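Visitor: Encoded as structure tokens, here's the structure I'll be asking about.
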Amino acid sequence: MVSYKDLGLVNTRDMFAKAMKGGYAVPAYNFNNMEQIQAIIAACVETQSPVILQVSSGARKYANQTLLRYMGQGAVEMMKDMAKEKGLKPIPIALHLDHGDTFELCKSCIESGFSSVMIDGSHHPYEKNIELTKQVVEYAHKYDVTVEGELGVLAGIEDDVVAAKSTYTKPEEVIDFVGRTGVDSLAISIGTSHGANKFKPEQCTKNADGIYIPPELRFDILEQIQEKIPDFPIVLHGSSSVPIEAVKIINAHGGALKNSIGIPEEQLRKATTYNVCKVNIDSDGRLWMTAAIRKHFAENPAEFDPRKYLGPARQALIEMYKHKNLNVLASAGKA
């Protein structure tokens with residue numbers, strides 16, 4: 001058993017309390033490799049933002065669970081070195097399991113040093129979701145690990161998470177679910193979705209520049225949920241904005257991304273004025289990383305040194321994460 005405290009990590013309890021009081025959201029960025037985690041830490045130290053490092057079950061399989069644990073510990077040490085070098089204060093870092101779907105997976109992550117886990121029982125019937133979530137909570141809380149549950153289903157595809165359509169969270173269920181499970185935060189469905197193709201063109205309107213504008217998130221549902229469970233941490237999954245600049249670069253250099261439509265950043269900023277204190281972003285990082293790599297190969301077709309194309313990709317990620325912290329989630333300066 002490895003305690004997250006021994007790795008220098010924190011859980012999300014204080015993070016979320018401060019975020020709700022301050023009217024911002026803590027960024028939850030997914031990572032799969034070294035360049036991504038370097039970019040996340042560099043951007044968050046520079047902007048002095050707290051951060052949640054997210055690992056999906058797919059990432060855990062890809063990178064090896066032991067390696068990921070040490071990457072989490074290494075992230076803390078790297079953060080301390082960067083902060084000291086720049087004359088900045090250390091930032092809080094949580095290591096979180098994203099979309100855990102079994103008790104066994106959550107238990108394994110807790111025992112390997114994760115400070116927070118999500119148990120996603122939203123694909124089960126309501127009572128089964130409660131039963132599974134409560135089981136994880138009871139185990140996690142023995143080790144002061146925080147737990148995120150989910151009510152409602154997000155459409156889209158991201159790693160092993162697949163759903164054909166969204167099912168909005170029912171506000172009338174949230175008091176019962178939170179009370180019976182004991183979760184520390186709740187992921188809800190109000191119109192966000194996984195992946196880079198969150199909306200179909202026919203669901204959107206076009207602006208003067210020909211850019212698709214998706215329908216507004218269901219803030220009415222969010223308002224009702226906040227009324228039911230005031231001062232309770234709410235989480236938004238599937239919150240990438242799918243920047244048109246990255247999509248254009250990818251498609252201009254051999255890509256074939258069609259109808260890539262994300263969540264407008266102004267809507268995410270509006271969500272943080274409610275109790276949304278954690279916003280998950282994964283696809284935007286994938287897009288900017290892919291854009292930088294495709295562009296580099298197109299301009300340097302003889303290149304074969306990974307450092308030469310992963311370096312620009314890492315820098316593109318740093319700029320994106322800084323932008324999110326400063327201009328979208330308002331987490332900059334809140335470490």
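Residue numbers start at 1 in each chain; chains themselves are named A, B, ... in the order of the structure tokens; ligands are numbered from 1 in the order shown.
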Residues of range 38-112 of chain A classed as strand (DSSP E or B) by DSSP on the backbone are to be reported as a PyMOL selection string.
Guide: chain A and resi 51-56+93-100
Visitor: What lies within 9 Å of range 124-133 of chain A using only C-alpha atoms, ignoring chain neighbours under 6 positions off, as a VMD selection string?
Guide: chain A and resid 102 to 103 118 147 to 151 177 to 178 180 to 183
Visitor: Find the residues around Lys86 in chain A up to 9 Å (only C-alpha atoms counted), leave out those fewer than 3 positions away in its own chain, and share them as a PDB file with C-alpha atoms, in the first residue's frame.
Guide:
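Wrote it out as result_17.pdb, contents follow:
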ATOM      1  CA  VAL A  45       3.518  26.261 -12.100  1.00  0.00           C
ATOM      2  CA  GLU A  46       3.918  29.296 -14.338  1.00  0.00           C
ATOM      3  CA  ASP A  81      12.137  22.290  -8.876  1.00  0.00           C
ATOM      4  CA  MET A  82      10.330  24.512 -11.400  1.00  0.00           C
ATOM      5  CA  ALA A  83       8.716  26.617  -8.693  1.00  0.00           C
ATOM      6  CA  LYS A  89       5.417  28.867  -4.627  1.00  0.00           C
TER       7      LYS A  89
END
Visitor: Can you list, as a PDB file with N, CA and C atoms, in the first residue's frame, every protein, DNA or RNA residue that comes within 9 Å of Gln267 in chain A when you count only C-alpha atoms, leaving out same-chain residues fewer than 5 positions away?
Guide:
ATOM      1  N   GLU A 216     -26.476  25.912 -26.452  1.00  0.00           N
ATOM      2  CA  GLU A 216     -25.971  26.204 -25.115  1.00  0.00           C
ATOM      3  C   GLU A 216     -26.149  24.998 -24.205  1.00  0.00           C
ATOM      4  N   LEU A 217     -25.211  24.853 -23.283  1.00  0.00           N
ATOM      5  CA  LEU A 217     -25.335  23.810 -22.272  1.00  0.00           C
ATOM      6  C   LEU A 217     -26.616  24.017 -21.467  1.00  0.00           C
ATOM      7  N   THR A 272     -18.356  27.836 -14.359  1.00  0.00           N
ATOM      8  CA  THR A 272     -17.571  27.977 -13.135  1.00  0.00           C
ATOM      9  C   THR A 272     -18.176  28.992 -12.170  1.00  0.00           C
TER      10      THR A 272
END
Visitor: Show me a table, sorted first by chain and then by increasing residue number, of the residues of range 19-111 of chain A having an atom at most 6 Å from range 279-282 of chain A, each with its shortest atom pair and the distance in Å to one decimal, counting only C-alpha atoms and written as a Markdown table.
Guide:
| residue | atom | partner | partner_atom | distance |
| --- | --- | --- | --- | --- |
| A:Pro27 | CA | A:Val279 | CA | 5.5 |
| A:Ala28 | CA | A:Asn280 | CA | 4.7 |
| A:Tyr29 | CA | A:Ile281 | CA | 5.3 |
| A:Asn30 | CA | A:Asp282 | CA | 5.3 |
Visitor: Suppose you want the space between CA of Ser260 in chain A and CA of Thr47 in chain A; what is it in Å?
Guide: 28.6 Å
Visitor: Among range 188-295 of chain A, which residues does DSSP mark as alpha helix (DSSP H) when it is run on the backbone? Keep the chain and numbering as in the structure and answer as a PyMOL selection string.
Guide: chain A and resi 219-228+244-252+265-271+283-295
Visitor: Name all residues at most 7 Å from range 12-19 of chain A (count only C-alpha atoms; drop same-chain ones fewer than 4 positions away) and give them as an NGL selection string.
Guide: :A and (23-26 or 94 or 116 or 146 or 233 or 277)
Visitor: Keeping C-alpha atoms for every residue in the selection just given, could you write it to a file as a CSV table (one decimal), in the first residue's frame?
Guide:
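Below is the file part_30.csv, written as the result:
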chain,number,residue,atom,x,y,z
A,23,GLY,CA,-15.6,31.2,-8.4
A,24,TYR,CA,-13.2,29.2,-10.5
A,25,ALA,CA,-12.6,25.5,-11.6
A,26,VAL,CA,-9.6,23.4,-11.0
A,94,ALA,CA,-3.9,15.6,-7.2
A,116,SER,CA,-8.6,10.7,-5.9
A,146,THR,CA,-11.7,11.5,-2.4
A,233,PRO,CA,-18.7,20.1,-5.8
A,277,CYS,CA,-15.2,23.3,-9.6
Visitor: Using only C-alpha atoms, pick whichever of A:Ile229, A:Val137, A:Val51, A:Ala187 has the shortest atom-to-atom distance to Ala332 in chain A.
Guide: A:Val51
Visitor: Could you list, with a cut-off of 12 Å and counting only C-alpha atoms, the residues of range 183-256 of chain A near range 313-330 of chain A, each shown with its nearest atom pair and the distance in Å rounded to one decimal, rows sorted by chain and ascending number, as JSON lines?
Guide:
{"residue": "A:Leu236", "atom": "CA", "partner": "A:Leu329", "partner_atom": "CA", "distance": 11.8}
{"residue": "A:Ser239", "atom": "CA", "partner": "A:Val328", "partner_atom": "CA", "distance": 11.0}
{"residue": "A:Ser240", "atom": "CA", "partner": "A:Lys324", "partner_atom": "CA", "distance": 10.1}
{"residue": "A:Ser241", "atom": "CA", "partner": "A:Lys324", "partner_atom": "CA", "distance": 10.1}
{"residue": "A:Val242", "atom": "CA", "partner": "A:Met320", "partner_atom": "CA", "distance": 11.4}
{"residue": "A:Pro243", "atom": "CA", "partner": "A:Met320", "partner_atom": "CA", "distance": 9.9}
{"residue": "A:Glu245", "atom": "CA", "partner": "A:Met320", "partner_atom": "CA", "distance": 11.6}
{"residue": "A:Ala246", "atom": "CA", "partner": "A:Ala316", "partner_atom": "CA", "distance": 9.9}
Visitor: Can you write just those residues out, C-alpha atoms, as a PDB file, in the first residue's frame?
Guide:
ATOM      1  CA  LEU A 236     -18.014  18.635 -15.985  1.00  0.00           C
ATOM      2  CA  SER A 239     -15.290  19.861 -21.788  1.00  0.00           C
ATOM      3  CA  SER A 240     -12.774  20.291 -24.578  1.00  0.00           C
ATOM      4  CA  SER A 241     -13.461  23.238 -26.856  1.00  0.00           C
ATOM      5  CA  VAL A 242     -11.936  21.631 -29.982  1.00  0.00           C
ATOM      6  CA  PRO A 243     -10.030  24.764 -31.137  1.00  0.00           C
ATOM      7  CA  GLU A 245      -6.959  26.548 -35.181  1.00  0.00           C
ATOM      8  CA  ALA A 246      -5.666  23.112 -34.187  1.00  0.00           C
TER       9      ALA A 246
END
Visitor: Smallest atom-to-atom distance to Gly152 in chain A: which of A:Val136, A:Val235, A:Leu9, A:Val117, using only C-alpha atoms?
Guide: A:Val235
Visitor: Point out the residue among A:Asp231, A:Asp120, A:Asp220, A:Glu138 with the least atom-to-atom distance to Met20 in chain A, counting only C-alpha atoms.
Guide: A:Asp231
Visitor: Leaving out Ile293 in chain A and any residue of its chain fewer than 5 positions from it, which residues lie within 9 Å of it when counting only C-alpha atoms, given as a PyMOL selection string?
Guide: chain A and resi 250+288+298+309-310+312-313
Visitor: Near Ser108 in chain A, within 10 Å and counting only C-alpha atoms, which residues show up once chain neighbours fewer than 5 positions away are dropped, as a list in words?
Guide: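 Counting only the stated atoms, we get Met1, Gln65, Phe103, Gly113 and Phe114 of chain A.
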Visitor: Put those residues in a file: N, CA and C atoms, as a PDB file, in the first residue's frame.
Guide:
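The resulting file, result-v6.pdb, is reproduced below:
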ATOM      1  N   MET A   1       0.850  -1.202   0.000  1.00  0.00           N
ATOM      2  CA  MET A   1       0.000   0.000   0.000  1.00  0.00           C
ATOM      3  C   MET A   1       0.883   1.248   0.000  1.00  0.00           C
ATOM      4  N   GLN A  65       0.895   0.741 -15.018  1.00  0.00           N
ATOM      5  CA  GLN A  65       0.405   1.333 -13.775  1.00  0.00           C
ATOM      6  C   GLN A  65       1.522   1.717 -12.808  1.00  0.00           C
ATOM      7  N   PHE A 103     -14.923  -1.610  -8.904  1.00  0.00           N
ATOM      8  CA  PHE A 103     -14.356  -1.439  -7.574  1.00  0.00           C
ATOM      9  C   PHE A 103     -12.895  -1.847  -7.565  1.00  0.00           C
ATOM     10  N   GLY A 113      -1.251   4.779  -4.789  1.00  0.00           N
ATOM     11  CA  GLY A 113      -0.893   6.162  -4.501  1.00  0.00           C
ATOM     12  C   GLY A 113      -1.746   7.244  -5.129  1.00  0.00           C
ATOM     13  N   PHE A 114      -2.859   6.872  -5.754  1.00  0.00           N
ATOM     14  CA  PHE A 114      -3.764   7.900  -6.280  1.00  0.00           C
ATOM     15  C   PHE A 114      -4.436   8.603  -5.103  1.00  0.00           C
TER      16      PHE A 114
END
Visitor: Could you please determine the separation between CA of Pro230 in chain A and CA of Gly191 in chain A in Å, to one decimal place?
Guide: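 Separation between CA of Pro230 in chain A and CA of Gly191 in chain A: 20.8 Å.
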